[in-house]
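See below for the structure under consideration.
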Amino acid sequence: GLALALGVWIMASLQAHSWDLGLRFTAGVAGAALALALGALGITRLVRRLPRESLRRPWLRHGVASLARPGATTLSAIVALGLGVLVVLGMSLVQRRLTEELSAELPKDAPSAFLIDIQPAQWPGVEKVILEQGATRLQSVPVVMARIAAIDGRPVEELAPPRERPTAAPPPRERDREEGERREGDQGEGARRWALTREQRLTYMQTLPEDNQVVAGVLWGDPQRAEVSVEQDFANDLNLRLGSTIRFDV
């Protein structure tokens, strides 16, 4: 039992990145298991004191008697079933909470559906079907699939090189220090690597959409150059600035 509790605490702490939260979770699980065990013991004692003569049906009499017979797994079965119900209930509560948070974050006029990879020749027919179903505020945007090949003349292979695996395990203290540094840089490096290597969906248009705002530079300020507009957070992930050049592999 102690080894199991220790294992739950370690796993919960690693998942939550907090020993304190892991301890609280383990204490909660232990408390729930204890409550279920006490309930199972109470049911067993109640069944033992229940007069068998009051149960007229044989199958019911044998079923109730098996709950309190020697060697019965009533205690473990009730604890396991109760913990399983708690897991399902916890997942349901988490799902409901996430749904509420996502619903609160979404704007009221957010689109309810997206259709991707519709060819130009197919669009008139698709548009007709959608309008017949009562859709409103229908918008069509051209999309070109591409990957970033280079930024400011530097290829992606140089900007996002593959991670090197250590050939030998470092000492414990050195390993802990490297692990801490890796965790600190994982978020920024991971976002940059993902932005550089994933397949991009590029759009093109003459005018800026109403829900877009230029935060730096001028939209289509130099007709002689193939200018691009990049979302602010995405530009930060790529370390882009005004005047940067991007080469795409379409």
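Identifiers in this document derive from the order of the structure tokens: chains are assigned A, B, ..., residues are numbered from 1 separately in each chain, and ligands are numbered from 1 in order of occurrence.
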
Exercise for the section: Please report, as a PyMOL selection string, each residue of region 97-158 of chain A to which DSSP assigns helix (DSSP H, G or I) when run on this structure's backbone. Expected result: chain A and resi 97-105+123-132+156-158

Handout entry: Polymer residues at most 6 Å from Asp249 (chain A), only C-alpha atoms, same-chain spacing of 2 or more positions, as a ChimeraX atom specification
Key = /A:146-147,149

Problem - Using only C-alpha atoms: which of A:Leu75, A:Leu242, A:Val126, A:Ala5 has the shortest distance to Leu138 (chain A) - result: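 For Leu138 (chain A), the nearest of the candidates is A:Val126.
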
Handout entry: Given only C-alpha atoms as the counted atoms, nearest of A:Ala65, A:Ser112, A:Ser140, A:Ala235 to Pro124 (chain A)
Key =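 For Pro124 (chain A), the nearest of the candidates is A:Ser140.
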
Practice task
Pick out the closest residue to Asn236 (chain A) from this set: A:Ala191, A:Ile78, A:Leu106, A:Leu202. Count only C-alpha atoms.
Solution key: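 Of A:Ala191, A:Ile78, A:Leu106, A:Leu202, the one nearest Asn236 (chain A) is A:Ala191, counting only C-alpha atoms.
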
Exercise for the section: List every residue of region 11-173 of chain A that DSSP, applied to the backbone of this structure, places in strand (DSSP E), and write the result as JSON, numbers by chain. Expected result: {"A": [144, 145, 146, 147, 148, 149, 150, 151, 154, 155]}

Next, write the just-selected residues to a file, as a JSON list (two decimals), in the first residue's frame, keeping all heavy atoms as the atom set.
[["chain", "number", "residue", "atom", "x", "y", "z"],
["A", 144, "VAL", "N", -3.07, 28.35, -50.13],
["A", 144, "VAL", "CA", -1.94, 27.71, -50.81],
["A", 144, "VAL", "C", -1.11, 27.00, -49.74],
["A", 144, "VAL", "O", -0.71, 27.60, -48.74],
["A", 144, "VAL", "CB", -1.06, 28.74, -51.55],
["A", 144, "VAL", "CG1", 0.14, 28.05, -52.19],
["A", 144, "VAL", "CG2", -1.88, 29.46, -52.61],
["A", 145, "MET", "N", -0.86, 25.71, -49.94],
["A", 145, "MET", "CA", -0.06, 24.93, -49.01],
["A", 145, "MET", "C", 1.42, 25.10, -49.34],
["A", 145, "MET", "O", 1.82, 24.99, -50.51],
["A", 145, "MET", "CB", -0.45, 23.45, -49.08],
["A", 145, "MET", "CG", -1.95, 23.20, -48.95],
["A", 145, "MET", "SD", -2.64, 23.80, -47.41],
["A", 145, "MET", "CE", -1.83, 22.70, -46.25],
["A", 146, "ALA", "N", 2.22, 25.37, -48.33],
["A", 146, "ALA", "CA", 3.65, 25.59, -48.56],
["A", 146, "ALA", "C", 4.41, 25.34, -47.26],
["A", 146, "ALA", "O", 3.82, 25.28, -46.18],
["A", 146, "ALA", "CB", 3.91, 27.01, -49.06],
["A", 147, "ARG", "N", 5.70, 25.22, -47.40],
["A", 147, "ARG", "CA", 6.60, 25.10, -46.25],
["A", 147, "ARG", "C", 7.67, 26.18, -46.34],
["A", 147, "ARG", "O", 8.08, 26.56, -47.43],
["A", 147, "ARG", "CB", 7.26, 23.72, -46.19],
["A", 147, "ARG", "CG", 6.32, 22.58, -45.84],
["A", 147, "ARG", "CD", 7.07, 21.27, -45.70],
["A", 147, "ARG", "NE", 6.19, 20.17, -45.39],
["A", 147, "ARG", "CZ", 5.82, 19.83, -44.15],
["A", 147, "ARG", "NH1", 6.30, 20.51, -43.11],
["A", 147, "ARG", "NH2", 5.00, 18.82, -43.93],
["A", 148, "ILE", "N", 8.09, 26.65, -45.19],
["A", 148, "ILE", "CA", 9.14, 27.66, -45.16],
["A", 148, "ILE", "C", 10.46, 26.99, -45.53],
["A", 148, "ILE", "O", 10.85, 25.98, -44.93],
["A", 148, "ILE", "CB", 9.24, 28.31, -43.78],
["A", 148, "ILE", "CG1", 7.95, 29.06, -43.46],
["A", 148, "ILE", "CG2", 10.42, 29.26, -43.71],
["A", 148, "ILE", "CD1", 7.93, 29.69, -42.08],
["A", 149, "ALA", "N", 11.14, 27.56, -46.53],
["A", 149, "ALA", "CA", 12.43, 27.02, -46.97],
["A", 149, "ALA", "C", 13.60, 27.79, -46.37],
["A", 149, "ALA", "O", 14.64, 27.20, -46.06],
["A", 149, "ALA", "CB", 12.52, 27.03, -48.49],
["A", 150, "ALA", "N", 13.44, 29.10, -46.21],
["A", 150, "ALA", "CA", 14.53, 29.91, -45.66],
["A", 150, "ALA", "C", 13.97, 31.23, -45.15],
["A", 150, "ALA", "O", 12.93, 31.70, -45.61],
["A", 150, "ALA", "CB", 15.60, 30.17, -46.73],
["A", 151, "ILE", "N", 14.67, 31.81, -44.19],
["A", 151, "ILE", "CA", 14.34, 33.13, -43.64],
["A", 151, "ILE", "C", 15.60, 33.97, -43.66],
["A", 151, "ILE", "O", 16.63, 33.56, -43.10],
["A", 151, "ILE", "CB", 13.77, 33.03, -42.21],
["A", 151, "ILE", "CG1", 12.44, 32.28, -42.21],
["A", 151, "ILE", "CG2", 13.58, 34.42, -41.61],
["A", 151, "ILE", "CD1", 11.84, 32.11, -40.83],
["A", 154, "ARG", "N", 18.75, 32.20, -44.65],
["A", 154, "ARG", "CA", 19.20, 31.06, -43.85],
["A", 154, "ARG", "C", 18.20, 29.92, -44.00],
["A", 154, "ARG", "O", 17.01, 30.10, -43.73],
["A", 154, "ARG", "CB", 19.34, 31.44, -42.38],
["A", 154, "ARG", "CG", 20.36, 32.54, -42.12],
["A", 154, "ARG", "CD", 20.41, 32.88, -40.64],
["A", 154, "ARG", "NE", 20.79, 31.72, -39.84],
["A", 154, "ARG", "CZ", 20.75, 31.71, -38.50],
["A", 154, "ARG", "NH1", 20.32, 32.78, -37.84],
["A", 154, "ARG", "NH2", 21.12, 30.62, -37.84],
["A", 155, "PRO", "N", 18.62, 28.75, -44.43],
["A", 155, "PRO", "CA", 17.69, 27.63, -44.62],
["A", 155, "PRO", "C", 17.12, 27.14, -43.30],
["A", 155, "PRO", "O", 17.70, 27.34, -42.23],
["A", 155, "PRO", "CB", 18.55, 26.56, -45.30],
["A", 155, "PRO", "CG", 19.95, 26.89, -44.90],
["A", 155, "PRO", "CD", 20.01, 28.39, -44.77]]

Problem - Nearest candidate to Ala72 (chain A) (options A:Thr44, A:Gln206, A:Ser92, A:Gln200; using only C-alpha atoms) - result: A:Thr44

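What separates CA of Val8 (chain A) from CA of Leu34 (chain A) is a distance of 15.4 Å.
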
12 Å contact set for Ala30 (chain A), only C-alpha atoms, chain neighbours under 2 positions out, as a tab-separated table (two decimals) with N, CA and C atoms, in the first residue's frame:
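Once everything was written out, this is selection.tsv:
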chain	number	residue	atom	x	y	z
A	1	GLY	N	0.80	-1.20	0.00
A	1	GLY	CA	0.00	0.00	0.00
A	1	GLY	C	0.85	1.26	0.00
A	2	LEU	N	1.91	1.24	0.82
A	2	LEU	CA	2.78	2.42	0.88
A	2	LEU	C	3.51	2.63	-0.44
A	4	LEU	N	2.43	1.75	-3.37
A	4	LEU	CA	1.44	2.23	-4.34
A	4	LEU	C	1.18	3.72	-4.15
A	5	ALA	N	1.03	4.14	-2.90
A	5	ALA	CA	0.81	5.56	-2.62
A	5	ALA	C	2.00	6.40	-3.05
A	6	LEU	N	3.21	5.88	-2.82
A	6	LEU	CA	4.41	6.59	-3.24
A	6	LEU	C	4.48	6.71	-4.76
A	8	VAL	N	1.88	6.72	-6.84
A	8	VAL	CA	0.86	7.68	-7.26
A	8	VAL	C	1.34	9.11	-7.01
A	9	TRP	N	1.99	9.34	-5.88
A	9	TRP	CA	2.49	10.68	-5.56
A	9	TRP	C	3.54	11.14	-6.57
A	23	LEU	N	1.14	15.70	-3.82
A	23	LEU	CA	0.81	15.21	-2.49
A	23	LEU	C	-0.67	15.40	-2.18
A	24	ARG	N	-1.22	16.54	-2.59
A	24	ARG	CA	-2.65	16.78	-2.36
A	24	ARG	C	-3.51	15.79	-3.14
A	25	PHE	N	-3.11	15.53	-4.38
A	25	PHE	CA	-3.86	14.57	-5.18
A	25	PHE	C	-3.81	13.18	-4.55
A	26	THR	N	-2.61	12.78	-4.11
A	26	THR	CA	-2.46	11.47	-3.49
A	26	THR	C	-3.29	11.37	-2.21
A	27	ALA	N	-3.28	12.45	-1.43
A	27	ALA	CA	-4.09	12.45	-0.21
A	27	ALA	C	-5.57	12.35	-0.53
A	28	GLY	N	-6.00	13.02	-1.59
A	28	GLY	CA	-7.41	12.93	-1.98
A	28	GLY	C	-7.80	11.53	-2.42
A	32	ALA	N	-10.43	9.08	-0.55
A	32	ALA	CA	-11.57	8.47	-1.24
A	32	ALA	C	-11.54	6.96	-1.10
A	33	ALA	N	-10.34	6.36	-1.23
A	33	ALA	CA	-10.23	4.90	-1.07
A	33	ALA	C	-10.59	4.48	0.35
A	34	LEU	N	-10.17	5.27	1.34
A	34	LEU	CA	-10.51	4.95	2.73
A	34	LEU	C	-12.01	5.04	2.96
A	35	ALA	N	-12.64	6.07	2.42
A	35	ALA	CA	-14.09	6.21	2.58
A	35	ALA	C	-14.83	5.05	1.92
A	36	LEU	N	-14.37	4.64	0.75
A	36	LEU	CA	-15.00	3.51	0.07
A	36	LEU	C	-14.79	2.21	0.85
A	37	ALA	N	-13.58	2.05	1.42
A	37	ALA	CA	-13.31	0.85	2.21
A	37	ALA	C	-14.20	0.79	3.45
A	79	VAL	N	-14.11	-0.72	-3.61
A	79	VAL	CA	-13.08	0.33	-3.71
A	79	VAL	C	-12.71	0.57	-5.17
A	83	LEU	N	-13.47	4.05	-7.17
A	83	LEU	CA	-12.41	4.85	-7.77
A	83	LEU	C	-12.62	5.01	-9.27

Handout entry: Nearest to Thr197 (chain A), chosen from A:Gly22, A:Glu231, A:Gly221, A:Pro161, with only C-alpha atoms counted in the distances
Key =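 Nearest candidate to Thr197 (chain A) out of A:Gly22, A:Glu231, A:Gly221, A:Pro161: A:Pro161.
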